[in-house]
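Chemist: Sharing protein-v7.cif here; it has mmCIF, C-alpha atoms (C1' of nucleotides).
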data_structure
loop_
_atom_site.label_atom_id
_atom_site.label_comp_id
_atom_site.auth_asym_id
_atom_site.auth_seq_id
_atom_site.Cartn_x
_atom_site.Cartn_y
_atom_site.Cartn_z
CA MET A 18 -13.68 -30.14 -22.59
CA ALA A 19 -14.83 -29.02 -19.20
CA LYS A 20 -18.58 -29.13 -19.44
CA VAL A 21 -20.56 -31.05 -16.89
CA ASP A 22 -23.22 -32.67 -18.95
CA ASN A 23 -24.12 -35.27 -16.44
CA PRO A 24 -25.65 -33.96 -13.24
CA ARG A 25 -25.14 -37.36 -11.74
CA ALA A 26 -21.57 -36.32 -11.24
CA VAL A 27 -22.92 -34.05 -8.56
CA ALA A 28 -24.80 -36.73 -6.71
CA GLY A 29 -22.01 -39.03 -5.82
CA ASP A 30 -24.36 -41.77 -4.77
CA ASN A 31 -27.22 -43.32 -6.63
CA SER A 32 -27.59 -46.54 -4.72
CA GLY A 33 -30.45 -47.85 -2.62
CA THR A 34 -33.16 -45.61 -1.25
CA GLU A 35 -31.14 -42.50 -1.95
CA GLN A 36 -32.24 -42.44 -5.57
CA ALA A 37 -35.34 -40.28 -5.14
CA ALA A 38 -33.63 -37.81 -2.88
CA THR A 39 -30.73 -37.63 -5.26
CA LYS A 40 -33.04 -36.88 -8.13
CA PHE A 41 -34.65 -34.07 -6.19
CA ALA A 42 -31.26 -32.65 -5.41
CA LYS A 43 -30.28 -32.84 -9.06
CA ASP A 44 -33.47 -31.13 -10.16
CA ALA A 45 -33.07 -28.40 -7.60
CA LEU A 46 -29.53 -27.71 -8.70
CA LYS A 47 -30.59 -27.71 -12.33
CA ALA A 48 -33.39 -25.26 -11.63
CA LEU A 49 -31.09 -23.01 -9.69
CA VAL A 50 -28.46 -22.96 -12.40
CA GLU A 51 -30.96 -22.26 -15.12
CA ARG A 52 -32.53 -19.47 -13.10
CA ILE A 53 -29.19 -17.76 -12.79
CA GLU A 54 -28.40 -18.29 -16.44
CA ARG A 55 -31.70 -16.72 -17.42
CA LEU A 56 -30.93 -13.65 -15.36
CA GLU A 57 -27.49 -13.42 -16.90
CA ASP A 58 -29.04 -13.59 -20.33
CA GLU A 59 -31.25 -10.65 -19.47
CA LYS A 60 -28.28 -8.73 -18.21
CA SER A 61 -26.35 -9.39 -21.40
CA SER A 62 -29.33 -8.33 -23.42
CA ILE A 63 -29.53 -4.97 -21.69
CA ALA A 64 -25.79 -4.50 -22.04
CA GLN A 65 -26.29 -4.98 -25.74
CA ASP A 66 -29.10 -2.42 -25.75
CA ILE A 67 -26.77 0.10 -24.16
CA LYS A 68 -24.18 -0.52 -26.83
CA ASP A 69 -26.87 0.01 -29.46
CA VAL A 70 -27.89 3.32 -27.94
CA TYR A 71 -24.30 4.53 -27.98
CA ALA A 72 -23.93 3.46 -31.58
CA GLU A 73 -27.08 5.34 -32.49
CA ALA A 74 -25.86 8.40 -30.62
CA LYS A 75 -22.60 8.22 -32.51
CA GLY A 76 -24.57 8.22 -35.74
CA ASN A 77 -26.23 11.41 -34.58
CA GLY A 78 -22.92 13.16 -34.12
CA TYR A 79 -22.35 12.68 -30.42
CA ASP A 80 -18.90 12.00 -29.06
CA VAL A 81 -19.36 8.58 -27.49
CA LYS A 82 -16.21 8.64 -25.43
CA VAL A 83 -17.19 11.93 -23.85
CA LEU A 84 -20.73 10.71 -23.30
CA ARG A 85 -19.39 7.76 -21.36
CA LYS A 86 -17.18 9.99 -19.26
CA LEU A 87 -20.11 12.28 -18.57
CA ILE A 88 -22.38 9.48 -17.43
CA ALA A 89 -19.64 8.00 -15.29
CA MET A 90 -19.18 11.36 -13.62
CA ARG A 91 -22.87 11.69 -12.89
CA LYS A 92 -22.70 8.39 -11.06
CA ARG A 93 -19.84 9.33 -8.82
CA ASP A 94 -20.04 11.02 -5.50
CA GLN A 95 -19.38 14.74 -5.83
CA ASN A 96 -17.05 14.96 -2.86
CA GLU A 97 -14.99 12.09 -4.05
CA LEU A 98 -14.83 13.55 -7.53
CA THR A 99 -13.64 16.95 -6.43
CA GLU A 100 -11.22 15.42 -3.97
CA GLU A 101 -9.72 13.26 -6.66
CA MET A 102 -9.40 16.22 -8.99
CA THR A 103 -7.74 18.15 -6.22
CA ILE A 104 -5.09 15.56 -5.55
CA LEU A 105 -4.57 15.08 -9.27
CA GLU A 106 -3.88 18.79 -9.61
CA THR A 107 -1.55 18.59 -6.66
CA TYR A 108 0.44 15.76 -8.18
CA ALA A 109 0.46 17.45 -11.57
CA HIS A 110 1.71 20.63 -10.02
CA ALA A 111 4.46 18.77 -8.18
CA LEU A 112 5.61 17.44 -11.54
CA GLY A 113 5.47 20.84 -13.16
CA MET A 114 2.64 19.93 -15.51
CA GLY A 115 0.57 22.90 -16.59
CA VAL A 116 -2.61 21.11 -17.53
CA PHE A 117 -4.74 22.56 -14.81
CA GLY A 118 -3.31 26.03 -15.01
CA MET B 26 -9.80 13.37 -31.20
CA ALA B 27 -13.03 14.42 -29.55
CA LYS B 28 -14.97 14.86 -32.73
CA VAL B 29 -18.25 16.67 -32.93
CA ASP B 30 -19.50 16.98 -36.43
CA ASN B 31 -22.38 19.12 -35.39
CA PRO B 32 -21.27 21.36 -32.55
CA ARG B 33 -24.62 23.03 -32.57
CA ALA B 34 -26.01 19.91 -31.00
CA VAL B 35 -24.71 20.88 -27.62
CA ALA B 36 -23.76 24.51 -28.05
CA GLY B 37 -24.18 26.83 -25.12
CA ASP B 38 -25.04 29.70 -27.43
CA ASN B 39 -28.48 30.94 -26.59
CA SER B 40 -28.58 34.21 -28.48
CA GLY B 41 -30.94 35.26 -31.26
CA THR B 42 -33.05 32.75 -33.13
CA GLU B 43 -30.82 29.90 -32.02
CA GLN B 44 -32.60 29.65 -28.70
CA ALA B 45 -35.22 27.15 -29.74
CA ALA B 46 -32.78 24.96 -31.60
CA THR B 47 -30.40 25.04 -28.67
CA LYS B 48 -33.14 24.06 -26.32
CA PHE B 49 -34.00 21.14 -28.53
CA ALA B 50 -30.38 20.09 -28.58
CA LYS B 51 -30.15 20.28 -24.82
CA ASP B 52 -33.32 18.31 -24.43
CA ALA B 53 -32.06 15.70 -26.87
CA LEU B 54 -28.83 15.31 -24.94
CA LYS B 55 -30.72 15.10 -21.69
CA ALA B 56 -33.08 12.48 -23.11
CA LEU B 57 -30.16 10.48 -24.44
CA VAL B 58 -28.29 10.51 -21.17
CA GLU B 59 -31.35 9.59 -19.17
CA ARG B 60 -32.16 6.79 -21.56
CA ILE B 61 -28.74 5.30 -21.05
CA GLU B 62 -28.94 5.76 -17.33
CA ARG B 63 -32.28 4.01 -17.25
CA LEU B 64 -30.84 1.04 -19.10
CA GLU B 65 -27.90 0.96 -16.74
CA ASP B 66 -30.30 0.99 -13.83
CA GLU B 67 -32.05 -2.03 -15.25
CA LYS B 68 -28.77 -3.76 -15.72
CA SER B 69 -27.75 -3.04 -12.15
CA SER B 70 -31.11 -4.25 -10.96
CA ILE B 71 -30.66 -7.59 -12.66
CA ALA B 72 -27.13 -7.84 -11.34
CA GLN B 73 -28.61 -7.36 -7.90
CA ASP B 74 -31.17 -10.07 -8.57
CA ILE B 75 -28.37 -12.44 -9.44
CA LYS B 76 -26.62 -11.62 -6.22
CA ASP B 77 -29.84 -12.28 -4.34
CA VAL B 78 -30.24 -15.66 -5.97
CA TYR B 79 -26.72 -16.59 -4.99
CA ALA B 80 -27.36 -15.43 -1.45
CA GLU B 81 -30.51 -17.49 -1.28
CA ALA B 82 -28.68 -20.49 -2.68
CA LYS B 83 -26.02 -20.06 -0.05
CA GLY B 84 -28.75 -20.06 2.59
CA ASN B 85 -29.90 -23.38 1.18
CA GLY B 86 -26.50 -24.90 1.64
CA TYR B 87 -25.01 -24.44 -1.81
CA ASP B 88 -21.40 -23.54 -2.22
CA VAL B 89 -21.62 -20.23 -4.05
CA LYS B 90 -18.07 -20.26 -5.28
CA VAL B 91 -18.60 -23.65 -6.85
CA LEU B 92 -21.88 -22.53 -8.37
CA ARG B 93 -20.18 -19.59 -10.00
CA LYS B 94 -17.48 -21.83 -11.39
CA LEU B 95 -20.03 -24.25 -12.73
CA ILE B 96 -21.97 -21.56 -14.51
CA ALA B 97 -18.84 -19.96 -15.86
CA MET B 98 -17.77 -23.32 -17.22
CA ARG B 99 -21.12 -23.91 -18.90
CA LYS B 100 -20.85 -20.53 -20.56
CA ARG B 101 -17.27 -20.96 -21.59
CA ASP B 102 -17.73 -24.40 -23.01
CA GLN B 103 -20.07 -23.15 -25.68
CA ASN B 104 -17.61 -20.49 -26.66
CA GLU B 105 -14.79 -22.97 -26.72
CA LEU B 106 -16.71 -25.37 -28.83
CA THR B 107 -17.53 -22.78 -31.44
CA GLU B 108 -14.06 -21.28 -31.20
CA GLU B 109 -12.52 -24.66 -31.77
CA MET B 110 -14.60 -25.10 -34.90
CA THR B 111 -13.64 -21.64 -36.00
CA ILE B 112 -9.96 -22.21 -35.63
CA LEU B 113 -10.17 -25.55 -37.35
CA GLU B 114 -11.81 -23.93 -40.35
CA THR B 115 -9.46 -21.00 -40.22
CA TYR B 116 -6.49 -23.23 -39.98
CA ALA B 117 -7.63 -25.34 -42.89
CA HIS B 118 -8.09 -22.19 -44.87
CA ALA B 119 -4.64 -20.90 -43.98
CA LEU B 120 -3.18 -24.09 -45.39
CA GLY B 121 -5.07 -23.67 -48.61
CA MET B 122 -7.36 -26.58 -47.95
CA GLY B 123 -10.91 -26.59 -49.15
CA VAL B 124 -13.60 -26.62 -46.50
CA PHE B 125 -12.47 -29.56 -44.38
CA GLY B 126 -11.24 -31.23 -47.49
CA MET C 11 -9.64 -29.57 -25.01
CA ALA C 12 -8.37 -27.34 -27.75
CA LYS C 13 -4.63 -27.74 -27.57
CA VAL C 14 -2.73 -28.65 -30.69
CA ASP C 15 -0.12 -31.02 -29.42
CA ASN C 16 0.69 -32.52 -32.74
CA PRO C 17 2.13 -30.12 -35.27
CA ARG C 18 1.53 -32.74 -37.89
CA ALA C 19 -2.04 -31.56 -37.83
CA VAL C 20 -0.74 -28.49 -39.52
CA ALA C 21 0.89 -30.34 -42.33
CA GLY C 22 -2.03 -32.11 -43.83
CA ASP C 23 0.20 -34.27 -45.99
CA ASN C 24 3.11 -36.44 -45.04
CA SER C 25 3.29 -38.70 -48.03
CA GLY C 26 6.02 -39.18 -50.60
CA THR C 27 8.80 -36.68 -51.12
CA GLU C 28 6.89 -34.04 -49.24
CA GLN C 29 8.04 -35.39 -45.90
CA ALA C 30 11.22 -33.38 -45.59
CA ALA C 31 9.59 -30.17 -46.69
CA THR C 32 6.75 -30.77 -44.30
CA LYS C 33 9.15 -31.26 -41.47
CA PHE C 34 10.84 -28.01 -42.27
CA ALA C 35 7.51 -26.26 -42.30
CA LYS C 36 6.61 -27.78 -38.96
CA ASP C 37 9.91 -26.79 -37.43
CA ALA C 38 9.61 -23.27 -38.75
CA LEU C 39 6.15 -22.89 -37.30
CA LYS C 40 7.30 -24.30 -33.99
CA ALA C 41 10.23 -21.92 -33.84
CA LEU C 42 8.02 -19.00 -34.69
CA VAL C 43 5.48 -19.81 -32.04
CA GLU C 44 8.08 -20.31 -29.37
CA ARG C 45 9.78 -17.08 -30.28
CA ILE C 46 6.55 -15.20 -29.78
CA GLU C 47 5.81 -16.99 -26.54
CA ARG C 48 9.24 -16.06 -25.22
CA LEU C 49 8.61 -12.41 -25.98
CA GLU C 50 5.23 -12.58 -24.34
CA ASP C 51 6.81 -14.04 -21.25
CA GLU C 52 9.18 -11.08 -21.09
CA LYS C 53 6.28 -8.72 -21.50
CA SER C 54 4.35 -10.37 -18.71
CA SER C 55 7.38 -10.19 -16.50
CA ILE C 56 7.68 -6.45 -16.95
CA ALA C 57 3.96 -6.00 -16.45
CA GLN C 58 4.41 -7.74 -13.13
CA ASP C 59 7.27 -5.41 -12.25
CA ILE C 60 5.00 -2.45 -12.86
CA LYS C 61 2.36 -3.89 -10.60
CA ASP C 62 4.99 -4.34 -7.94
CA VAL C 63 6.08 -0.73 -8.21
CA TYR C 64 2.52 0.46 -7.82
CA ALA C 65 2.06 -1.78 -4.80
CA GLU C 66 5.21 -0.38 -3.26
CA ALA C 67 4.06 3.16 -3.98
CA LYS C 68 0.75 2.41 -2.35
CA GLY C 69 2.61 1.23 0.72
CA ASN C 70 4.37 4.57 0.78
CA GLY C 71 1.09 6.45 0.87
CA TYR C 72 0.61 7.32 -2.77
CA ASP C 73 -2.83 7.23 -4.33
CA VAL C 74 -2.40 4.59 -7.00
CA LYS C 75 -5.50 5.46 -8.95
CA VAL C 76 -4.42 9.05 -9.25
CA LEU C 77 -0.90 7.99 -10.15
CA ARG C 78 -2.26 5.96 -13.03
CA LYS C 79 -4.38 8.85 -14.23
CA LEU C 80 -1.40 11.16 -14.03
CA ILE C 81 0.83 8.87 -16.05
CA ALA C 82 -1.88 8.30 -18.61
CA MET C 83 -2.26 12.07 -18.99
CA ARG C 84 1.44 12.54 -19.55
CA LYS C 85 1.21 10.13 -22.44
CA ARG C 86 -1.65 11.85 -24.18
CA ASP C 87 -1.45 14.61 -26.70
CA GLN C 88 -2.05 17.98 -25.08
CA ASN C 89 -4.34 19.31 -27.78
CA GLU C 90 -6.49 16.25 -27.69
CA LEU C 91 -6.64 16.38 -23.92
CA THR C 92 -7.76 19.97 -23.73
CA GLU C 93 -10.21 19.49 -26.56
CA GLU C 94 -11.77 16.56 -24.80
CA MET C 95 -12.01 18.50 -21.58
CA THR C 96 -13.63 21.35 -23.48
CA ILE C 97 -16.35 19.24 -24.98
CA LEU C 98 -16.89 17.50 -21.68
CA GLU C 99 -17.47 20.86 -20.05
CA THR C 100 -19.84 21.77 -22.85
CA TYR C 101 -21.89 18.64 -22.39
CA ALA C 102 -21.85 19.03 -18.63
CA HIS C 103 -23.03 22.60 -18.94
CA ALA C 104 -25.83 21.55 -21.26
CA LEU C 105 -27.00 19.16 -18.56
CA GLY C 106 -26.76 21.78 -15.87
CA MET C 107 -23.93 20.07 -14.02
CA GLY C 108 -21.80 22.44 -12.01
CA VAL C 109 -18.67 20.39 -11.81
CA PHE C 110 -16.51 22.66 -13.89
CA GLY C 111 -17.85 25.87 -12.53
CA MET D 5 -12.02 7.99 -1.98
CA ALA D 6 -8.73 9.45 -3.10
CA LYS D 7 -6.87 8.66 0.05
CA VAL D 8 -3.53 10.16 0.90
CA ASP D 9 -2.26 9.08 4.26
CA ASN D 10 0.66 11.38 4.09
CA PRO D 11 -0.40 14.53 2.27
CA ARG D 12 2.97 16.02 2.99
CA ALA D 13 4.36 13.73 0.35
CA VAL D 14 3.11 15.94 -2.43
CA ALA D 15 2.21 19.14 -0.69
CA GLY D 16 2.68 22.34 -2.58
CA ASP D 17 3.55 24.19 0.59
CA ASN D 18 6.99 25.71 0.18
CA SER D 19 7.11 28.02 3.15
CA GLY D 20 9.52 28.01 6.08
CA THR D 21 11.56 24.97 6.96
CA GLU D 22 9.29 22.74 4.91
CA GLN D 23 11.09 23.65 1.72
CA ALA D 24 13.68 20.92 1.84
CA ALA D 25 11.17 18.24 2.78
CA THR D 26 8.85 19.40 0.02
CA LYS D 27 11.63 19.20 -2.48
CA PHE D 28 12.40 15.68 -1.40
CA ALA D 29 8.76 14.74 -1.77
CA LYS D 30 8.62 16.23 -5.25
CA ASP D 31 11.77 14.44 -6.24
CA ALA D 32 10.43 11.19 -4.87
CA LEU D 33 7.23 11.54 -6.88
CA LYS D 34 9.20 12.44 -9.97
CA ALA D 35 11.48 9.45 -9.50
CA LEU D 36 8.52 7.16 -8.99
CA VAL D 37 6.71 8.37 -12.08
CA GLU D 38 9.80 8.11 -14.22
CA ARG D 39 10.53 4.64 -12.94
CA ILE D 40 7.08 3.49 -13.97
CA GLU D 41 7.38 5.21 -17.31
CA ARG D 42 10.68 3.51 -17.93
CA LEU D 43 9.15 0.11 -17.24
CA GLU D 44 6.25 0.93 -19.50
CA ASP D 45 8.68 1.89 -22.21
CA GLU D 46 10.32 -1.50 -21.92
CA LYS D 47 6.98 -3.17 -22.06
CA SER D 48 5.98 -1.20 -25.12
CA SER D 49 9.28 -2.06 -26.72
CA ILE D 50 8.66 -5.75 -26.31
CA ALA D 51 5.10 -5.35 -27.51
CA GLN D 52 6.56 -3.73 -30.59
CA ASP D 53 8.96 -6.64 -31.03
CA ILE D 54 6.03 -9.01 -30.95
CA LYS D 55 4.25 -6.97 -33.57
CA ASP D 56 7.38 -7.05 -35.69
CA VAL D 57 7.59 -10.81 -35.44
CA TYR D 58 4.00 -11.11 -36.53
CA ALA D 59 4.63 -8.76 -39.42
CA GLU D 60 7.64 -10.77 -40.48
CA ALA D 61 5.61 -13.97 -40.20
CA LYS D 62 2.94 -12.41 -42.34
CA GLY D 63 5.58 -11.60 -44.93
CA ASN D 64 6.52 -15.28 -44.89
CA GLY D 65 3.00 -16.30 -45.70
CA TYR D 66 1.65 -17.08 -42.26
CA ASP D 67 -1.89 -16.14 -41.36
CA VAL D 68 -1.39 -13.80 -38.44
CA LYS D 69 -4.89 -14.09 -37.13
CA VAL D 70 -4.56 -17.85 -36.99
CA LEU D 71 -1.17 -17.60 -35.34
CA ARG D 72 -2.64 -15.44 -32.62
CA LYS D 73 -5.44 -17.89 -32.06
CA LEU D 74 -3.00 -20.77 -31.87
CA ILE D 75 -0.85 -19.05 -29.29
CA ALA D 76 -3.86 -17.98 -27.28
CA MET D 77 -5.06 -21.55 -27.28
CA ARG D 78 -1.73 -22.90 -26.10
CA LYS D 79 -1.77 -20.43 -23.24
CA ARG D 80 -5.37 -21.08 -22.32
CA ASP D 81 -5.11 -24.84 -22.38
CA GLN D 82 -2.75 -24.89 -19.44
CA ASN D 83 -5.11 -22.73 -17.46
CA GLU D 84 -8.05 -24.86 -18.37
CA LEU D 85 -6.33 -28.02 -17.38
CA THR D 86 -5.43 -26.71 -13.96
CA GLU D 87 -8.80 -25.03 -13.59
CA GLU D 88 -10.55 -28.24 -14.38
CA MET D 89 -8.61 -30.01 -11.68
CA THR D 90 -9.40 -27.20 -9.30
CA ILE D 91 -13.10 -27.35 -9.87
CA LEU D 92 -13.13 -31.10 -9.58
CA GLU D 93 -11.50 -30.86 -6.19
CA THR D 94 -13.70 -27.98 -5.19
CA TYR D 95 -16.77 -29.79 -6.27
CA ALA D 96 -15.82 -32.94 -4.41
CA HIS D 97 -15.22 -30.86 -1.33
CA ALA D 98 -18.56 -29.10 -1.65
CA LEU D 99 -20.24 -32.48 -1.60
CA GLY D 100 -18.42 -33.48 1.52
CA MET D 101 -16.29 -36.05 -0.23
CA GLY D 102 -12.77 -36.73 0.82
CA VAL D 103 -10.07 -35.88 -1.65
CA PHE D 104 -11.29 -37.68 -4.75
CA GLY D 105 -12.67 -40.46 -2.75
"C1'" DT E 6 -8.49 -5.03 3.59
"C1'" DA E 7 -5.98 -7.02 -0.08
"C1'" DC E 8 -6.24 -10.22 -3.73
"C1'" DA E 9 -8.11 -12.40 -7.80
"C1'" DT E 10 -11.45 -12.79 -11.16
"C1'" DT E 11 -14.51 -10.74 -14.27
"C1'" DT E 12 -16.20 -7.02 -17.04
"C1'" DA E 13 -16.02 -2.60 -19.33
"C1'" DG E 14 -13.48 0.71 -22.11
"C1'" DT E 15 -9.89 2.15 -25.20
"C1'" DG E 16 -6.68 1.76 -28.84
"C1'" DT E 17 -5.21 -0.82 -33.06
"C1'" DC E 18 -5.60 -3.38 -36.96
"C1'" DG E 19 -7.55 -5.02 -41.27
"C1'" DA E 20 -11.50 -4.75 -44.72
"C1'" DC E 21 -14.36 -2.31 -47.79
"C1'" DG F 22 -10.81 7.09 -45.30
"C1'" DT F 23 -14.26 5.12 -42.58
"C1'" DC F 24 -16.14 1.22 -40.47
"C1'" DG F 25 -16.11 -2.73 -37.78
"C1'" DA F 26 -13.57 -6.42 -35.21
"C1'" DC F 27 -9.93 -7.77 -32.23
"C1'" DA F 28 -6.69 -7.38 -28.46
"C1'" DC F 29 -5.07 -5.02 -24.56
"C1'" DT F 30 -5.45 -2.32 -20.73
"C1'" DA F 31 -7.80 -0.59 -16.68
"C1'" DA F 32 -11.82 -0.58 -13.48
"C1'" DA F 33 -15.21 -3.02 -10.75
"C1'" DT F 34 -16.70 -6.67 -8.26
"C1'" DG F 35 -16.59 -10.53 -5.25
"C1'" DT F 36 -13.90 -13.47 -2.02
"C1'" DA F 37 -10.80 -14.91 1.46
#
Starting from the file, give its structure as structure tokens.

Modeler:
Amino acid sequence: MAKVDNPRAVAGDNSGTEQAATKFAKDALKALVERIERLEDEKSSIAQDIKDVYAEAKGNGYDVKVLRKLIAMRKRDQNELTEEMTILETYAHALGMGVFG
Amino acid sequence: MAKVDNPRAVAGDNSGTEQAATKFAKDALKALVERIERLEDEKSSIAQDIKDVYAEAKGNGYDVKVLRKLIAMRKRDQNELTEEMTILETYAHALGMGVFG
Amino acid sequence: MAKVDNPRAVAGDNSGTEQAATKFAKDALKALVERIERLEDEKSSIAQDIKDVYAEAKGNGYDVKVLRKLIAMRKRDQNELTEEMTILETYAHALGMGVFG
Amino acid sequence: MAKVDNPRAVAGDNSGTEQAATKFAKDALKALVERIERLEDEKSSIAQDIKDVYAEAKGNGYDVKVLRKLIAMRKRDQNELTEEMTILETYAHALGMGVFG
DNA sequence: TACATTTAGTGTCGAC
DNA sequence: GTCGACACTAAATGTA
């Protein structure tokens, strides 16, 4: 098991007058970690929401795969998109594929 | 297969009395897409927040790479724990044993 | 740690005249597992070869991303491909995107 | 960006003295694609072998799902072990400690 | 910039 | 036959 249950492991030194400072350091680290974990929870939650929306859309007859492609395309730079399609056609043509006419 | 049970949902046909229905369908698609994009924006926003927190932590002298590892480990350990219980049960079942009996 | 070092754990019963049979069962399981792991090693090895070829191609000026797309397209059923493109165009048109003309 | 340092490699231009060079480029692309496809065939073949082994195991009364979990665990445990050592070292370093001391 | 890790998407399998 | 879960593959991100 790899979990670090004991923050003391981080401190390295609990002797003498360092105790208070060490405790502060431990608390700060703990707060930091928990702050990040809270944000990651939120992110996961929204990711789940997105999945739910797609599932609902599927129930309404939409083609989810195509929806995803569509949204991905809307995100991408137009120039890049057309350029990529161009080179894809070029390659396809070089191989004698007729997909793009 | 790119299935569409109800092609009318996104049909380009605007003739006759279909106009209103088509418009509704278009609006529905538009609303759906924008809803997803809004959620993805939120997700990206939170991802950005996380990056900011890491950057701030780095400014405070934390080792970001180590932080990431730590958090990943904390996340994974829970999964491992539950997975280990799962496989134990599963394994017991596969051998025809009663629940841990 | 989740590793099952001791196959005896699988047996559940080593008493009496069951010992020999249990040993056979253990050996059979061990052989099975190792057989699968050997095959997975081979698979990983070839996967690595493929990565190497792509890297080499990249060094020769090929666009790896496009190459992957191209090869993926060659694998897919033509009817499915064109149908998916059709519906994608339909959706895109409904949203007023001009990508496909 | 779909970069192509050497567009000549796949150019469709067949005019003048470029013909021979173009043909070479086409052949090179074709050879490359087929080489990758051959490797992918091998990979698929082995993947199929693995599936067959699992199917055979299932026929012999093994619980395939459990088998998969077992094998995944065996693979992961090695990684975890080494990862745990890595993070320990990393962590020690982040705290300014000498190597484990 | 190239590499490695992590995350999303796609295809496959088993259950109902 | 459809639905949902799992595993695998491919893309994106972050780091050195």

Chemist: Show me, as a list in words, the residues that have an atom within 10 Å of stretch 74-77 of chain D when counting only C-alpha atoms (C1' of nucleotides), minus same-chain residues fewer than 4 positions from it.

Modeler: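 So, after excluding close chain neighbours, the residues are Glu105, Glu108, Glu109, Ile112 and Tyr116 of chain B; Met11, Ala12, Lys13, Val14, Val43, Glu44, Ile46 and Glu47 of chain C; Val68, Lys69, Val70, Asp81, Gln82, Asn83 and Glu84 of chain D.
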
Chemist: For the PyMOL selection byres ((chain E) within 12 of (chain A)), applied here, can you spell out every residue it catches as JSON, numbers by chain?

Modeler: {"E": [12, 13, 14, 15]}

Chemist: Translate the PyMOL selection byres ((chain F and resi 25) around 9) into a concrete residue list for this structure, as a ChimeraX atom specification.

Modeler: /E:20 /F:24,26

Chemist: Which residues would end up in the selection if the PyMOL selection byres ((chain E and resi 9) around 9) were applied here, given that I need the answer as a PyMOL selection string?

Modeler: (chain E and resi 8+10) or (chain F and resi 36)

Chemist: In Å, with one decimal, what is the gap from atom C1' of F:DA28 to atom C1' of E:DG16?

Modeler: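 Going from atom C1' of F:DA28 over to atom C1' of E:DG16, I get 9.1 Å.
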
Chemist: Enter the distance from atom CA of C:Ala30 to atom CA of C:Arg45, in Å, rounded to one decimal.

Modeler: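 Taking atom CA of C:Ala30 and atom CA of C:Arg45, their separation equals 22.4 Å.
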
Chemist: Taking all atoms listed in the file into account, find every residue of chain F that has an atom no more than 12 Å from chain C, and write it out as a list of chain:residue names.

Modeler: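 Taking all atoms listed in the file into account, F:DT30, F:DA31, F:DA32 sit within 12 Å of chain C.
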
Chemist: Atom CA of B:Ala119 to atom CA of C:Phe34: how many Å, to one decimal?

Modeler: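 That distance, rounded to one decimal, is 17.1 Å.
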
Chemist: Skipping near chain neighbours, those fewer than 3 positions away, what residues fall within 10 Å of stretch 72-74 of chain B using only C-alpha atoms (C1' of nucleotides), listed as a PDB file with C-alpha atoms, in the frame of the given file?

Modeler:
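The file below, selection_35.pdb, is the result:
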ATOM      1  CA  ILE A  53     -29.190 -17.760 -12.790  1.00  0.00           C
ATOM      2  CA  LEU A  56     -30.930 -13.650 -15.360  1.00  0.00           C
ATOM      3  CA  GLU A  57     -27.490 -13.420 -16.900  1.00  0.00           C
ATOM      4  CA  GLU A  59     -31.250 -10.650 -19.470  1.00  0.00           C
ATOM      5  CA  LYS A  60     -28.280  -8.730 -18.210  1.00  0.00           C
TER       6      LYS A  60
ATOM      7  CA  ASP B  66     -30.300   0.990 -13.830  1.00  0.00           C
ATOM      8  CA  GLU B  67     -32.050  -2.030 -15.250  1.00  0.00           C
ATOM      9  CA  LYS B  68     -28.770  -3.760 -15.720  1.00  0.00           C
ATOM     10  CA  SER B  69     -27.750  -3.040 -12.150  1.00  0.00           C
ATOM     11  CA  ASP B  77     -29.840 -12.280  -4.340  1.00  0.00           C
ATOM     12  CA  VAL B  78     -30.240 -15.660  -5.970  1.00  0.00           C
ATOM     13  CA  TYR B  79     -26.720 -16.590  -4.990  1.00  0.00           C
ATOM     14  CA  ALA B  80     -27.360 -15.430  -1.450  1.00  0.00           C
TER      15      ALA B  80
END

Chemist: Pick out the closest residue to chain B from this set: C:Lys33, C:Lys40, C:Lys79, C:His103. Count all atoms listed in the file.

Modeler: C:His103

Chemist: Counting all atoms listed in the file, which residue out of A:Met114, A:Arg93, A:Asn77, A:Leu98 sits closest to chain B?

Modeler: A:Asn77

Chemist: I need the residue nearest chain A from this list: D:Leu33, D:Ala61, D:Leu71, D:Ala25. Use all atoms listed in the file for the distance.

Modeler: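 Checking each of D:Leu33, D:Ala61, D:Leu71, D:Ala25 against chain A, counting all atoms listed in the file, the winner is D:Leu33.
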
Chemist: Could you write out as JSON the box around stretch 23-42 of chain D (axis-aligned, all atoms listed in the file, 4 Å on each side), with centre and edge lengths in Å to one decimal?

Modeler:
{"center_x": 10.2, "center_y": 13.6, "center_z": -7.6, "size_x": 15.0, "size_y": 28.2, "size_z": 28.7}
